[in-house]
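Some notes on the structure that comes next.
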Amino acid sequence: MWVKLYADELYKFACSRVSDTGLAQDLVQDTFLSGLQSMNQFRGESSEKTWLLAILKNKINDHFRTASKAAITTIDIEDPDPQLTFFNEKGHWRSEMAPQAWATTINSKAEQADFFRILRTCMDKLTSLGKAVIQHKYLDEKKSKDICKDLSLTSSNYWVIIHRARLQLRACLEKNWFSN
Amino acid sequence: MGKHLHHLMPCCKDVTMLAEKRLQQEPLTWIQRMGLKFHLLMCVYCRRYVKQIAIIHRQLEKYRETAFAAPDEQVKQQWEVLIATYLKNNAGNL
């Protein structure tokens, strides 16, 4: 009965946070299992849907907390300043990375669908933390303050991460879509 | 004088960060706004960057509205089975 009533909504919510559909499925499945295990704690103070959604939110936040810890350590170790990919020591664009004039635009509906496919691919190429920040910001319409809280980031970390993610996203889209 | 102006002027790396903050409606100081403005007057790459990230920003907002589909019927069936099995195995405890 739960599946019929709530699966679509829970899944949709999970997708809005984690774009990887496989992961979203796992999270929903975990939510159902946790819900079953703690069913006797459910007292009907909130609706069943609200209650399951709360469990799902916790699962998602747990996921990101683990992911952000892992991501921070790998960034620290492997990639001291990824900005150097884009800029030289003086902070000027490296010539091979400098933004080019974009040739194509998105006209038809079919093109829009294609573009979103590329956009998704480019988002998947971001670091897990960069991706998480972009998703919280755009798919969940969150304020930067709340994103920092959810992902346990300081405000300056947030700006560094989203700045870098935007640089990478732009470069990826230029290469795969806007350069003809 | 030219030399001093150069020190006030943010570099491309700084400008892309300032542009990011402006895109997200983060308040900038007067100095930052001026630096951004003058840099953009002179730098074609950063002008492109600012224009292009605005396009990406709009596309990401659009993407939200279309991105989510319902889960697979097959997956849903799996969940049904999973729940049924759990309920069967734990019937005594509930």
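Ordered as shown in the structure tokens, chains take letters A, B, and onward, while each chain numbers its residues from 1 and ligands are numbered from 1 in the order shown.
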
Taking only residues of chain A that have an atom at most 9 Å from an atom of chain B, what is each one's shortest atom pair and its distance in Å to one decimal, using only C-alpha atoms, in chain and number order, as a tab-separated table?
```
residue	atom	partner	partner_atom	distance
A:Met1	CA	B:Glu80	CA	7.9
A:Trp2	CA	B:Glu80	CA	8.2
A:Val3	CA	B:Glu80	CA	6.3
A:Lys4	CA	B:Lys76	CA	8.2
A:Ala7	CA	B:Lys76	CA	7.3
A:Asp8	CA	B:Ala70	CA	5.5
A:Glu9	CA	B:Ala70	CA	8.2
A:Tyr11	CA	B:Pro71	CA	6.5
A:Lys12	CA	B:Phe68	CA	5.9
A:Phe13	CA	B:Phe68	CA	8.6
A:Cys15	CA	B:Phe68	CA	6.5
A:Ser16	CA	B:Phe68	CA	7.1
A:Ser19	CA	B:Ala67	CA	8.6
A:Thr21	CA	B:Pro71	CA	8.6
A:Gln25	CA	B:Pro71	CA	7.8
A:Gln29	CA	B:Trp79	CA	6.7
A:Phe32	CA	B:Ile83	CA	7.5
A:Leu33	CA	B:Ile83	CA	7.4
A:Leu36	CA	B:Ile83	CA	7.7
A:Met39	CA	B:Leu94	CA	8.3
A:Asn40	CA	B:Leu94	CA	7.4
A:Gln83	CA	B:Lys13	CA	8.0
A:Phe86	CA	B:Lys13	CA	8.3
A:Phe87	CA	B:Lys13	CA	6.5
A:Asn88	CA	B:Lys13	CA	9.0
A:Lys90	CA	B:Cys11	CA	7.5
A:Gly91	CA	B:Lys13	CA	5.0
A:His92	CA	B:Cys12	CA	5.1
A:Trp93	CA	B:Cys12	CA	6.3
A:Ala98	CA	B:Tyr45	CA	6.0
A:Pro99	CA	B:Tyr45	CA	5.4
A:Gln100	CA	B:Arg48	CA	7.2
A:Ala101	CA	B:Arg48	CA	6.8
A:Trp102	CA	B:Gln52	CA	8.2
A:Phe116	CA	B:Tyr63	CA	6.8
A:Leu119	CA	B:Leu60	CA	8.3
A:Ile134	CA	B:Leu60	CA	8.9
A:Tyr138	CA	B:Glu61	CA	5.9
A:Leu139	CA	B:Arg64	CA	5.1
A:Asp140	CA	B:Arg64	CA	8.1
A:Glu141	CA	B:Glu61	CA	8.6
A:Ser144	CA	B:Gln24	CA	8.7
A:Trp159	CA	B:Met17	CA	7.7
A:Val160	CA	B:Met17	CA	8.1
A:Ile162	CA	B:Glu20	CA	8.1
A:His163	CA	B:Met17	CA	6.0
A:Arg164	CA	B:Met17	CA	8.9
A:Arg166	CA	B:Ile53	CA	7.4
A:Leu167	CA	B:Thr16	CA	8.4
A:Leu169	CA	B:Ile56	CA	8.4
A:Arg170	CA	B:Ile53	CA	6.8
A:Leu173	CA	B:Ile56	CA	8.8
```

Inset, instruction - Provide the atom CA of Gly35 of chain A to atom CA of Leu52 of chain A distance in Å, to one decimal place. - result: 6.6 Å

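Interatomic distance, atom CA of Thr105 of chain A to atom CA of Cys172 of chain A: 15.4 Å.
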
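Counting from atom CA of Lys37 of chain B, the distance to atom CA of Leu8 of chain B is 12.0 Å.
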